>>> print(open('work-v7.csv').read())   # CSV, C-alpha atoms
chain,number,residue,atom,x,y,z
A,727,MET,CA,31.8,-1.8,12.5
A,728,GLN,CA,29.0,-2.4,9.9
A,729,SER,CA,25.3,-3.2,9.9
A,730,SER,CA,24.3,-6.8,9.3
A,731,LYS,CA,24.6,-8.3,5.8
A,732,ARG,CA,20.9,-8.9,5.9
A,733,ILE,CA,20.2,-5.2,6.2
A,734,GLN,CA,22.9,-4.2,3.8
A,735,ALA,CA,21.0,-6.3,1.2
A,736,VAL,CA,17.9,-4.1,1.6
A,737,GLN,CA,17.4,-1.2,-0.8
A,738,PRO,CA,17.4,2.3,0.7
A,739,PRO,CA,14.0,3.8,1.5
A,740,ILE,CA,13.3,5.7,-1.8
A,741,ILE,CA,10.9,8.3,-0.2
A,742,ALA,CA,13.7,9.5,2.0
A,743,VAL,CA,16.2,9.6,-0.9
A,744,VAL,CA,13.8,11.7,-3.0
A,745,ALA,CA,13.0,13.9,0.0
A,746,GLU,CA,16.6,14.8,0.3
A,747,LEU,CA,16.7,15.8,-3.3
A,748,ILE,CA,13.6,17.9,-2.8
A,749,ARG,CA,15.1,19.7,0.2
A,750,ALA,CA,18.2,20.5,-1.8
A,751,ASN,CA,16.0,22.1,-4.5
A,752,PRO,CA,13.6,24.5,-2.8
A,753,GLY,CA,10.3,25.1,-4.6
A,754,THR,CA,10.0,21.6,-5.9
A,755,ILE,CA,6.5,20.2,-6.1
A,756,SER,CA,6.4,16.6,-5.0
A,757,LEU,CA,4.3,14.0,-6.9
A,758,GLY,CA,6.2,11.4,-4.8
A,759,GLN,CA,4.8,10.3,-1.5
A,760,GLY,CA,1.5,8.4,-1.4
A,761,VAL,CA,-0.7,10.3,1.0
A,762,VAL,CA,-3.9,12.2,0.8
A,763,HIS,CA,-4.3,15.9,1.0
A,764,TYR,CA,-7.3,16.0,3.4
A,765,PRO,CA,-7.3,15.9,7.2
A,766,PRO,CA,-8.9,13.3,9.5
A,767,PRO,CA,-12.6,13.6,10.6
A,768,ASP,CA,-13.2,16.0,13.5
A,769,ALA,CA,-14.2,13.0,15.6
A,770,VAL,CA,-10.6,11.7,15.5
A,771,VAL,CA,-9.2,14.4,17.8
A,772,ALA,CA,-12.4,14.7,19.8
A,773,ARG,CA,-12.4,10.9,20.5
A,774,MET,CA,-8.7,10.9,21.4
A,775,VAL,CA,-8.9,13.9,23.7
A,776,GLU,CA,-11.9,12.6,25.5
A,777,ALA,CA,-10.5,9.1,26.0
A,778,MET,CA,-7.0,10.2,27.2
A,779,ALA,CA,-8.5,12.5,29.9
A,780,LEU,CA,-8.7,9.3,32.0
A,781,PRO,CA,-5.5,8.3,33.8
A,782,GLU,CA,-5.8,4.6,33.1
A,783,ARG,CA,-5.8,5.2,29.4
A,784,HIS,CA,-2.1,6.1,29.6
A,785,GLN,CA,-1.2,2.5,30.6
A,786,TYR,CA,-0.6,-0.4,28.2
A,787,GLY,CA,-3.6,-1.6,26.3
A,788,HIS,CA,-4.6,-5.0,25.0
A,789,VAL,CA,-2.0,-6.7,22.8
A,790,ALA,CA,-4.4,-7.2,19.9
A,791,GLY,CA,-6.3,-3.9,20.2
A,792,LEU,CA,-8.9,-2.1,22.3
A,793,PRO,CA,-12.2,-4.1,22.5
A,794,PRO,CA,-14.4,-1.2,21.3
A,795,LEU,CA,-12.1,-0.7,18.2
A,796,LEU,CA,-12.0,-4.4,17.5
A,797,GLU,CA,-15.8,-4.5,17.5
A,798,GLN,CA,-16.0,-1.4,15.2
A,799,ILE,CA,-13.6,-3.2,12.8
A,800,ARG,CA,-15.6,-6.4,13.0
A,801,ALA,CA,-18.7,-4.6,12.0
A,802,LYS,CA,-16.9,-2.8,9.1
A,803,LEU,CA,-15.5,-6.0,7.8
A,804,ALA,CA,-18.9,-7.7,7.8
A,805,GLY,CA,-20.7,-4.8,6.2
A,806,GLU,CA,-18.2,-3.6,3.7
A,807,ASN,CA,-15.8,-6.4,2.9
A,808,ARG,CA,-18.2,-9.3,3.5
A,809,ILE,CA,-15.7,-10.9,5.8
A,810,ASP,CA,-17.2,-12.8,8.7
A,811,VAL,CA,-14.6,-12.8,11.5
A,812,ASP,CA,-16.6,-15.5,13.3
A,813,GLU,CA,-15.7,-18.0,10.5
A,814,GLY,CA,-12.3,-18.8,11.9
A,815,SER,CA,-10.5,-15.4,11.6
A,816,GLU,CA,-9.1,-13.0,14.2
A,817,ILE,CA,-8.4,-9.3,14.1
A,818,VAL,CA,-5.2,-7.6,15.4
A,819,VAL,CA,-4.7,-3.8,15.4
A,820,THR,CA,-1.2,-2.7,14.4
A,821,ALA,CA,0.8,0.5,14.1
A,822,GLY,CA,0.0,0.8,10.4
A,823,GLY,CA,-0.4,-1.5,7.4
A,824,ASN,CA,3.4,-2.0,7.0
A,825,MET,CA,3.6,-3.4,10.5
A,826,ALA,CA,0.7,-5.8,9.7
A,827,PHE,CA,2.7,-7.1,6.8
A,828,VAL,CA,5.8,-7.6,8.9
A,829,HIS,CA,3.8,-9.4,11.5
A,830,ALA,CA,2.3,-11.7,8.9
A,831,LEU,CA,5.7,-12.4,7.4
A,832,LEU,CA,7.3,-13.3,10.7
A,833,ALA,CA,4.4,-15.5,11.7
A,834,ILE,CA,4.4,-17.7,8.6
A,835,ALA,CA,7.9,-17.8,7.2
A,836,ASP,CA,11.3,-19.1,8.2
A,837,PRO,CA,14.7,-17.9,6.8
A,838,GLY,CA,15.1,-19.0,3.2
A,839,ASP,CA,11.4,-19.3,2.6
A,840,GLU,CA,9.9,-17.6,-0.5
A,841,ILE,CA,7.2,-15.0,-0.8
A,842,ILE,CA,5.7,-14.3,-4.2
A,843,LEU,CA,5.3,-10.6,-5.2
A,844,GLN,CA,3.7,-9.1,-8.3
A,845,ALA,CA,5.9,-6.7,-10.2
A,846,PRO,CA,5.8,-3.8,-10.0
A,847,TYR,CA,5.8,-4.5,-6.2
A,848,TYR,CA,5.4,-2.2,-3.2
A,849,PHE,CA,9.0,-1.6,-2.2
A,850,ASN,CA,8.4,-1.9,1.6
A,851,HIS,CA,7.0,-5.4,1.1
A,852,GLU,CA,10.2,-6.4,-0.8
A,853,MET,CA,12.3,-4.8,1.9
A,854,ALA,CA,10.5,-6.6,4.7
A,855,ILE,CA,11.0,-9.9,3.0
A,856,ARG,CA,14.7,-9.4,2.8
A,857,MET,CA,14.9,-8.2,6.4
A,858,ALA,CA,13.3,-11.5,7.5
A,859,SER,CA,16.0,-13.4,5.6
A,860,CYS,CA,13.4,-14.7,3.2
A,861,LYS,CA,13.5,-14.6,-0.6
A,862,PRO,CA,11.2,-12.4,-2.7
A,863,VAL,CA,10.1,-14.2,-5.9
A,864,ILE,CA,9.0,-11.7,-8.5
A,865,VAL,CA,6.2,-12.5,-10.9
A,866,SER,CA,5.5,-10.0,-13.7
A,867,THR,CA,2.0,-8.6,-14.2
A,868,ASP,CA,0.6,-8.2,-17.7
A,869,GLU,CA,0.7,-5.0,-19.9
A,870,SER,CA,-2.2,-3.6,-17.9
A,871,TYR,CA,-0.5,-4.5,-14.6
A,872,GLN,CA,-3.1,-7.3,-13.9
A,873,VAL,CA,-2.0,-10.4,-12.1
A,874,GLN,CA,-1.0,-13.5,-14.2
A,875,VAL,CA,-2.3,-16.5,-12.3
A,876,GLU,CA,-0.5,-19.1,-14.4
A,877,ALA,CA,2.8,-17.2,-14.0
A,878,ILE,CA,2.2,-17.3,-10.2
A,879,ARG,CA,1.5,-21.0,-10.4
A,880,ARG,CA,4.8,-21.6,-12.2
A,881,ALA,CA,6.7,-19.6,-9.6
A,882,ILE,CA,5.6,-21.8,-6.7
A,883,THR,CA,8.2,-24.1,-5.2
A,884,ALA,CA,8.6,-26.2,-2.1
A,885,ARG,CA,9.9,-23.1,-0.2
A,886,THR,CA,6.9,-20.9,-1.1
A,887,ARG,CA,4.9,-19.7,1.9
A,888,ALA,CA,2.7,-16.9,0.5
A,889,VAL,CA,1.5,-15.0,-2.5
A,890,VAL,CA,1.0,-11.2,-2.0
A,891,THR,CA,-1.6,-9.1,-3.9
A,892,ILE,CA,-2.3,-5.4,-3.5
A,893,SER,CA,-5.6,-4.1,-4.9
A,894,PRO,CA,-6.2,-1.3,-5.6
A,895,ASN,CA,-2.5,-1.3,-6.3
A,896,ASN,CA,0.5,0.7,-5.2
A,897,PRO,CA,2.4,1.6,-7.4
A,898,THR,CA,0.3,1.1,-10.5
A,899,GLY,CA,-3.2,2.1,-9.6
A,900,ALA,CA,-4.5,-1.1,-11.1
A,901,VAL,CA,-7.6,-2.8,-9.6
A,902,TYR,CA,-7.5,-6.5,-9.8
A,903,ASP,CA,-10.8,-8.1,-11.0
A,904,GLU,CA,-12.7,-10.4,-8.7
A,905,ALA,CA,-12.1,-13.5,-10.9
A,906,SER,CA,-8.3,-13.1,-10.7
A,907,LEU,CA,-8.3,-12.6,-7.0
A,908,ARG,CA,-10.5,-15.7,-6.5
A,909,ALA,CA,-8.1,-17.6,-8.8
A,910,VAL,CA,-5.1,-16.6,-6.7
A,911,ASN,CA,-6.9,-17.4,-3.5
A,912,ALA,CA,-7.8,-20.9,-4.8
A,913,LEU,CA,-4.3,-21.4,-6.0
A,914,CYS,CA,-3.0,-20.7,-2.5
A,915,ARG,CA,-5.5,-23.0,-0.9
A,916,ALA,CA,-4.6,-25.8,-3.3
A,917,HIS,CA,-0.9,-25.5,-2.5
A,918,ASP,CA,-1.2,-24.8,1.2
A,919,LEU,CA,0.0,-21.2,0.9
A,920,TYR,CA,-1.1,-18.0,2.5
A,921,HIS,CA,-2.7,-15.3,0.4
A,922,ILE,CA,-1.7,-11.9,1.9
A,923,SER,CA,-4.1,-9.4,0.5
A,924,ASP,CA,-3.1,-5.7,1.1
A,925,GLU,CA,-6.2,-3.6,0.8
A,926,ALA,CA,-5.0,-0.2,2.1
A,927,TYR,CA,-6.6,1.6,-0.9
A,928,GLU,CA,-10.0,-0.2,-0.8
A,929,TYR,CA,-12.1,3.0,-1.1
A,930,PHE,CA,-10.1,4.6,-4.0
A,931,THR,CA,-11.7,3.2,-7.2
A,932,TYR,CA,-12.9,4.9,-10.3
A,933,ASP,CA,-14.7,4.3,-13.6
A,934,GLY,CA,-16.9,1.6,-12.2
A,935,ALA,CA,-14.1,-0.5,-10.8
A,936,ALA,CA,-15.0,-2.5,-7.7
A,937,HIS,CA,-12.8,-3.5,-4.8
A,938,PHE,CA,-13.0,-7.2,-3.8
A,939,SER,CA,-11.7,-8.7,-0.6
A,940,PRO,CA,-10.4,-12.3,-1.0
A,941,GLY,CA,-11.1,-12.9,2.7
A,942,SER,CA,-14.8,-13.0,1.9
A,943,ILE,CA,-14.5,-16.1,-0.2
A,944,ASP,CA,-16.1,-19.2,1.3
A,945,GLY,CA,-13.4,-21.4,2.9
A,946,ALA,CA,-10.7,-18.6,2.7
A,947,ALA,CA,-10.4,-17.9,6.4
A,948,ALA,CA,-7.8,-20.6,7.1
A,949,HIS,CA,-5.2,-19.3,4.5
A,950,THR,CA,-6.0,-15.6,3.9
A,951,ILE,CA,-4.4,-12.7,5.7
A,952,SER,CA,-6.0,-9.3,4.9
A,953,LEU,CA,-4.3,-6.0,5.6
A,954,TYR,CA,-5.9,-2.6,6.1
A,955,SER,CA,-4.8,0.9,7.0
A,956,LEU,CA,-6.5,4.1,8.2
A,957,SER,CA,-3.6,6.2,6.8
A,958,LYS,CA,-5.1,6.8,3.3
A,959,ALA,CA,-8.9,6.6,3.8
A,960,TYR,CA,-9.0,8.9,6.8
A,961,GLY,CA,-6.0,11.1,6.3
A,962,MET,CA,-4.3,9.6,9.3
A,963,ALA,CA,-0.8,8.7,8.1
A,964,ALA,CA,0.9,10.3,11.1
A,965,TRP,CA,-1.3,8.3,13.6
A,966,ARG,CA,0.2,5.0,12.5
A,967,ILE,CA,-2.8,2.7,12.8
A,968,GLY,CA,-3.9,-0.3,10.8
A,969,TYR,CA,-5.2,-3.8,11.3
A,970,MET,CA,-5.0,-7.3,10.0
A,971,VAL,CA,-7.5,-10.2,9.6
A,972,LEU,CA,-5.7,-13.5,10.0
A,973,PRO,CA,-6.4,-17.2,10.4
A,974,GLY,CA,-7.2,-18.0,14.1
A,975,ALA,CA,-4.3,-20.5,14.0
A,976,LEU,CA,-1.8,-17.6,13.6
A,977,LEU,CA,-3.2,-15.5,16.4
A,978,ALA,CA,-0.8,-16.8,19.1
A,979,ALA,CA,2.2,-16.2,16.8
A,980,VAL,CA,1.2,-12.7,15.9
A,981,LYS,CA,0.6,-11.8,19.6
A,982,LYS,CA,4.1,-12.9,20.4
A,983,ILE,CA,5.5,-10.7,17.6
A,984,GLN,CA,3.3,-7.7,18.5
A,985,ASP,CA,4.1,-8.0,22.2
A,986,THR,CA,7.9,-8.1,21.4
A,987,ILE,CA,7.9,-5.2,18.9
A,988,LEU,CA,5.1,-3.0,20.1
A,989,ILE,CA,3.6,-4.4,23.3
A,990,CYS,CA,0.3,-2.9,22.2
A,991,PRO,CA,-0.9,-0.5,19.4
A,992,PRO,CA,-0.6,3.1,20.6
A,993,VAL,CA,-3.7,3.7,22.7
A,994,PRO,CA,-4.3,7.4,21.7
A,995,SER,CA,-4.1,6.4,18.1
A,996,GLN,CA,-6.6,3.6,18.7
A,997,TYR,CA,-9.2,6.0,20.2
A,998,ALA,CA,-8.5,8.3,17.2
A,999,ALA,CA,-9.2,5.3,14.9
A,1000,LEU,CA,-12.4,4.6,16.7
A,1001,GLY,CA,-13.5,8.2,16.0
A,1002,ALA,CA,-12.5,7.8,12.3
A,1003,MET,CA,-14.4,4.5,11.9
A,1004,GLU,CA,-17.5,6.0,13.5
A,1005,ALA,CA,-17.4,8.6,10.8
A,1006,GLY,CA,-17.2,5.7,8.4
A,1007,ALA,CA,-16.4,5.2,4.7
A,1008,ALA,CA,-18.6,8.1,3.7
A,1009,TYR,CA,-16.0,10.5,5.0
A,1010,CYS,CA,-13.4,9.2,2.6
A,1011,ARG,CA,-15.8,8.8,-0.3
A,1012,GLN,CA,-16.7,12.5,-0.4
A,1013,PHE,CA,-13.1,13.1,-1.5
A,1014,VAL,CA,-12.9,10.3,-4.0
A,1015,GLU,CA,-15.0,12.1,-6.7
A,1016,PRO,CA,-12.8,15.3,-6.7
A,1017,MET,CA,-9.7,13.0,-6.7
A,1018,ALA,CA,-11.1,11.2,-9.8
A,1019,GLU,CA,-11.2,14.6,-11.5
A,1020,VAL,CA,-7.6,15.2,-10.6
A,1021,ARG,CA,-6.8,11.8,-12.0
A,1022,HIS,CA,-8.4,12.8,-15.3
A,1023,LEU,CA,-6.2,16.0,-15.3
A,1024,VAL,CA,-3.1,13.9,-14.8
A,1025,LEU,CA,-4.0,11.4,-17.5
A,1026,ASP,CA,-4.9,14.2,-19.9
A,1027,GLU,CA,-1.6,15.9,-19.4
A,1028,LEU,CA,0.3,12.7,-19.9
A,1029,ALA,CA,-1.6,12.1,-23.1
A,1030,ARG,CA,0.0,15.2,-24.5
A,1031,LEU,CA,3.4,13.4,-24.5
A,1032,GLY,CA,2.3,10.9,-27.1
A,1033,PRO,CA,4.7,8.1,-27.8
A,1034,ARG,CA,7.3,9.3,-25.3
A,1035,ILE,CA,5.4,7.4,-22.5
A,1036,THR,CA,3.1,4.4,-22.1
A,1037,VAL,CA,0.2,4.8,-19.6
A,1038,PRO,CA,-1.6,1.5,-18.8
A,1039,PRO,CA,-5.2,1.7,-17.4
A,1040,VAL,CA,-5.6,3.3,-14.0
A,1041,ARG,CA,-8.7,2.6,-12.0
A,1042,GLY,CA,-7.7,2.8,-8.4
A,1043,ALA,CA,-5.6,4.3,-5.6
A,1044,PHE,CA,-4.0,7.7,-6.5
A,1045,TYR,CA,-1.0,6.6,-8.6
A,1046,VAL,CA,-0.1,6.4,-12.3
A,1047,PHE,CA,2.8,4.2,-13.2
A,1048,VAL,CA,4.3,5.1,-16.6
A,1049,GLN,CA,7.0,3.7,-18.8
A,1050,VAL,CA,9.2,6.4,-20.4
A,1051,ASP,CA,10.7,5.7,-23.8
A,1052,THR,CA,14.3,6.7,-23.0
A,1053,ALA,CA,17.7,5.2,-22.4
A,1054,LEU,CA,18.0,7.3,-19.2
A,1055,ASP,CA,18.2,5.5,-15.9
A,1056,ALA,CA,15.0,6.2,-13.9
A,1057,LEU,CA,16.8,7.7,-10.9
A,1058,ALA,CA,18.9,9.9,-13.2
A,1059,LEU,CA,15.7,11.1,-14.8
A,1060,VAL,CA,14.1,11.8,-11.4
A,1061,ARG,CA,17.2,13.8,-10.4
A,1062,ARG,CA,17.0,15.9,-13.6
A,1063,LEU,CA,13.3,16.5,-13.1
A,1064,ILE,CA,13.8,17.8,-9.6
A,1065,GLN,CA,16.9,19.9,-10.3
A,1066,ASP,CA,15.9,21.4,-13.7
A,1067,TYR,CA,12.1,21.4,-13.6
A,1068,GLY,CA,11.1,21.5,-9.9
A,1069,VAL,CA,8.9,18.4,-9.8
A,1070,ALA,CA,9.5,15.1,-8.0
A,1071,VAL,CA,8.3,11.6,-8.9
A,1072,ILE,CA,9.5,8.1,-7.8
A,1073,PRO,CA,11.8,6.0,-10.0
A,1074,GLY,CA,10.4,2.6,-11.0
A,1075,THR,CA,13.5,0.7,-10.1
A,1076,THR,CA,12.5,0.9,-6.4
A,1077,PHE,CA,9.4,-1.1,-7.4
A,1078,GLY,CA,11.4,-3.8,-9.1
A,1079,MET,CA,11.1,-2.5,-12.7
A,1080,THR,CA,14.7,-2.5,-14.0
A,1081,ASN,CA,14.0,-3.4,-17.6
A,1082,GLY,CA,13.3,0.1,-18.9
A,1083,CYS,CA,12.6,3.5,-17.4
A,1084,TYR,CA,9.4,3.7,-15.2
A,1085,LEU,CA,8.1,6.5,-13.0
A,1086,ARG,CA,5.4,6.5,-10.3
A,1087,ILE,CA,3.3,9.7,-10.2
A,1088,ALA,CA,1.3,10.2,-7.0
A,1089,TYR,CA,-1.5,12.8,-7.1
A,1090,GLY,CA,-3.4,12.3,-3.8
A,1091,ALA,CA,-1.4,14.6,-1.6
A,1092,LEU,CA,-2.0,17.8,-3.5
A,1093,HIS,CA,-5.0,20.0,-4.4
A,1094,ARG,CA,-6.0,20.3,-8.0
A,1095,GLU,CA,-4.3,23.6,-8.7
A,1096,THR,CA,-1.0,22.3,-7.4
A,1097,VAL,CA,-1.3,19.1,-9.3
A,1098,ALA,CA,-1.9,21.1,-12.5
A,1099,GLU,CA,1.3,23.1,-11.9
A,1100,ALA,CA,3.3,20.0,-11.1
A,1101,MET,CA,2.0,18.1,-14.2
A,1102,GLY,CA,2.9,21.1,-16.3
A,1103,ARG,CA,6.5,21.0,-15.0
A,1104,LEU,CA,6.6,17.2,-15.4
A,1105,CYS,CA,5.4,17.2,-19.0
A,1106,GLU,CA,7.7,20.1,-19.9
A,1107,GLY,CA,10.6,18.1,-18.4
A,1108,LEU,CA,9.8,14.9,-20.2
A,1109,SER,CA,9.2,16.7,-23.5
A,1110,GLU,CA,12.7,18.2,-23.3
A,1111,LEU,CA,14.6,15.3,-21.8
A,1112,VAL,CA,13.0,12.5,-23.8
A,1113,SER,CA,13.1,12.4,-27.6
A,1114,ALA,CA,9.8,11.9,-29.4
>>> encode(input="work-v7.csv", output="structure tokens")
Amino acid sequence: MQSSKRIQAVQPPIIAVVAELIRANPGTISLGQGVVHYPPPDAVVARMVEAMALPERHQYGHVAGLPPLLEQIRAKLAGENRIDVDEGSEIVVTAGGNMAFVHALLAIADPGDEIILQAPYYFNHEMAIRMASCKPVIVSTDESYQVQVEAIRRAITARTRAVVTISPNNPTGAVYDEASLRAVNALCRAHDLYHISDEAYEYFTYDGAAHFSPGSIDGAAAHTISLYSLSKAYGMAAWRIGYMVLPGALLAAVKKIQDTILICPPVPSQYAALGAMEAGAAYCRQFVEPMAEVRHLVLDELARLGPRITVPPVRGAFYVFVQVDTALDALALVRRLIQDYGVAVIPGTTFGMTNGCYLRIAYGALHRETVAEAMGRLCEGLSELVSA
């Protein structure tokens, strides 16, 4: 007895694969998983404990989310993202940003339909598309990992249903400029496609880079799906809470999907999210400046490797995506780095980069001193494993 051919076609979850290697090599420092090192605001637990003291709070909640949380999100979207939900959009709270993407995919696409991703892509997006029996169409970004609008245009076919952008980007750390995102959104509108905009890292920008939400564009409400997560900004990865802004015409479909898969977002996590959003973006931003300093440490260490690696501009999230000048397979290189040097990174193949050796370095989960130690090990390993 085997699993379905559909699931067999999906790549293994790389974080779990690398985690097994780390467990087999005690003492390894992980620059692998994309989480932050800081905890949630105090109000998160306080809000949750207070709310769950009432017996009725242990029953099912509203399928789209608790009304107080929806109102808090509505105010945040208007004030920070310039998205007016009254202009034809709706909000649905989900169990994390990944679930929001799956909801969007199931609501808009049929088996065999095509979804355009930018390479390097976020691996869970590509995996979800294949699970839905759809086809990921991969469009390369440029040498700075910026979107190429004309390449996206050329990739559109009669089966295309959506174009996906992630900014700030996972895995590259690139921040797409407003003009490019406007151009992608206009392209989607002209071709009757959805623009799925993943904005999980909206607060993590550096060196004057600015985050832009395509959902704020006049006339974008009918074809733009915006995805958000509390996992990164508020240190709430374990709470599994996110939300989506979607065209009103898709609300009934998304409610069907949500009711079937989840019934309702976890009520304790929603009250925790309410506490986090009451603390607001200022809570996250106090950590962004120290993270920017860690980012400089990472880039300075990588610069010591000279021509062994190529490091494109990095202005967002907490990732650096490097190309290594080696004939080694990326996963083989990751194994050597873990086994011989005690440091873990993620191979670029899982992000769709098979023409060369690429590595994703994630520096958000660790304090500065640990990152410094990890980067020392990484650079030592690359210096010895990769010829200059």
>>> residues_around(input="work-v7.csv", residues="segment 807-812 of chain A", least_positions_apart="4", cutoff="6 Å", atoms="only C-alpha atoms", output="PyMOL selection string")
chain A and resi 803+939+941-942
>>> closest_residue(input="work-v7.csv", among="A:Phe1013, A:Tyr969, A:Tyr764, A:Val901", to="Leu796 of chain A", atoms="only C-alpha atoms")
A:Tyr969
>>> atom_distance(input="work-v7.csv", atom1="atom CA of Val1112 of chain A", atom2="atom CA of Leu1054 of chain A")
8.6 Å
>>> atom_distance(input="work-v7.csv", atom1="atom CA of Lys861 of chain A", atom2="atom CA of Ala888 of chain A")
11.1 Å
>>> closest_residue(input="work-v7.csv", among="A:Leu1111, A:Val1097, A:Met1079, A:Ile943", to="His763 of chain A", atoms="only C-alpha atoms")
A:Val1097
>>> closest_residue(input="work-v7.csv", among="A:Val818, A:Ala1043, A:Ile841, A:Leu1063", to="Ala926 of chain A", atoms="all atoms listed in the file")
A:Ala1043
>>> residues_around(input="work-v7.csv", residues="segment 863-872 of chain A", least_positions_apart="4", cutoff="6 Å", atoms="all atoms listed in the file", output="list in words")
Ile841, Ile842, Leu843, Gln844, Ala845 and Pro1038 of chain A
>>> closest_atom_pairs(input="work-v7.csv", of="segment 1081-1109 of chain A", to="segment 745-754 of chain A", cutoff="12 Å", atoms="all atoms listed in the file", output="Markdown table")
| residue | atom | partner | partner_atom | distance |
| --- | --- | --- | --- | --- |
| A:Thr1096 | CA | A:Thr754 | CA | 11.1 |
| A:Glu1099 | CA | A:Thr754 | CA | 10.7 |
| A:Ala1100 | CA | A:Thr754 | CA | 8.6 |
| A:Arg1103 | CA | A:Thr754 | CA | 9.8 |
| A:Leu1104 | CA | A:Thr754 | CA | 11.0 |
>>> residues_around(input="work-v7.csv", residues="Ser815 of chain A", least_positions_apart="6", cutoff="10 Å", atoms="all atoms listed in the file", output="list of chain:residue names")
A:Ile809, A:Gly941, A:Ala946, A:Ala947, A:Ala948, A:His949, A:Thr950, A:Ile951, A:Met970, A:Val971, A:Leu972, A:Pro973, A:Gly974, A:Ala975, A:Leu976, A:Leu977
>>> write_last_selection(input="work-v7.csv", atoms="C-alpha atoms", output="PDB file, keeping the file's coordinate frame")
ATOM      1  CA  ILE A 809     -15.700 -10.900   5.800  1.00  0.00           C
ATOM      2  CA  GLY A 941     -11.100 -12.900   2.700  1.00  0.00           C
ATOM      3  CA  ALA A 946     -10.700 -18.600   2.700  1.00  0.00           C
ATOM      4  CA  ALA A 947     -10.400 -17.900   6.400  1.00  0.00           C
ATOM      5  CA  ALA A 948      -7.800 -20.600   7.100  1.00  0.00           C
ATOM      6  CA  HIS A 949      -5.200 -19.300   4.500  1.00  0.00           C
ATOM      7  CA  THR A 950      -6.000 -15.600   3.900  1.00  0.00           C
ATOM      8  CA  ILE A 951      -4.400 -12.700   5.700  1.00  0.00           C
ATOM      9  CA  MET A 970      -5.000  -7.300  10.000  1.00  0.00           C
ATOM     10  CA  VAL A 971      -7.500 -10.200   9.600  1.00  0.00           C
ATOM     11  CA  LEU A 972      -5.700 -13.500  10.000  1.00  0.00           C
ATOM     12  CA  PRO A 973      -6.400 -17.200  10.400  1.00  0.00           C
ATOM     13  CA  GLY A 974      -7.200 -18.000  14.100  1.00  0.00           C
ATOM     14  CA  ALA A 975      -4.300 -20.500  14.000  1.00  0.00           C
ATOM     15  CA  LEU A 976      -1.800 -17.600  13.600  1.00  0.00           C
ATOM     16  CA  LEU A 977      -3.200 -15.500  16.400  1.00  0.00           C
TER      17      LEU A 977
END
>>> atom_distance(input="work-v7.csv", atom1="atom CA of Ile741 of chain A", atom2="atom CA of Arg887 of chain A")
28.7 Å
>>> residues_around(input="work-v7.csv", residues="Ile922 of chain A", least_positions_apart="2", cutoff="8 Å", atoms="only C-alpha atoms", output="number ranges by chain")
A: 888-891, 920, 924, 950-953
>>> write_last_selection(input="work-v7.csv", atoms="C-alpha atoms", output="compact mmCIF listing (two decimals), in the frame of the given file")
# COMPACT_ATOMS: atom_id res chain seq x y z
CA ALA A 888 2.70 -16.90 0.50
CA VAL A 889 1.50 -15.00 -2.50
CA VAL A 890 1.00 -11.20 -2.00
CA THR A 891 -1.60 -9.10 -3.90
CA TYR A 920 -1.10 -18.00 2.50
CA ASP A 924 -3.10 -5.70 1.10
CA THR A 950 -6.00 -15.60 3.90
CA ILE A 951 -4.40 -12.70 5.70
CA SER A 952 -6.00 -9.30 4.90
CA LEU A 953 -4.30 -6.00 5.60
>>> closest_residue(input="work-v7.csv", among="A:Pro766, A:Gly1107, A:Pro897, A:Pro781", to="Glu1004 of chain A", atoms="only C-alpha atoms")
A:Pro766
>>> closest_residue(input="work-v7.csv", among="A:Thr820, A:Ser859, A:Thr1052, A:Asn850", to="Ile983 of chain A", atoms="all atoms listed in the file")
A:Thr820
>>> axis_aligned_box(input="work-v7.csv", around="segment 888-905 of chain A", padding_each_side="3 Å", output="lines of an AutoDock Vina configuration file")
center_x = -5.0
center_y = -7.4
center_z = -5.3
size_x = 21.4
size_y = 25.0
size_z = 17.6
>>> closest_residue(input="work-v7.csv", among="A:Val1040, A:Ala916, A:Val744, A:Leu1059", to="Ser893 of chain A", atoms="all atoms listed in the file")
A:Val1040
>>> residues_around(input="work-v7.csv", residues="Val1046 of chain A", least_positions_apart="5", cutoff="7 Å", atoms="only C-alpha atoms", output="PDB file with C-alpha atoms, in the coordinates of the input")
ATOM      1  CA  THR A 898       0.300   1.100 -10.500  1.00  0.00           C
ATOM      2  CA  GLY A 899      -3.200   2.100  -9.600  1.00  0.00           C
ATOM      3  CA  VAL A1040      -5.600   3.300 -14.000  1.00  0.00           C
ATOM      4  CA  ARG A1086       5.400   6.500 -10.300  1.00  0.00           C
ATOM      5  CA  ILE A1087       3.300   9.700 -10.200  1.00  0.00           C
ATOM      6  CA  ALA A1088       1.300  10.200  -7.000  1.00  0.00           C
TER       7      ALA A1088
END
>>> residues_near_point(input="work-v7.csv", point="(-5.7, -24.5, -11.2)", cutoff="12 Å", atoms="only C-alpha atoms", output="PyMOL selection string")
chain A and resi 875-880+906+908-917
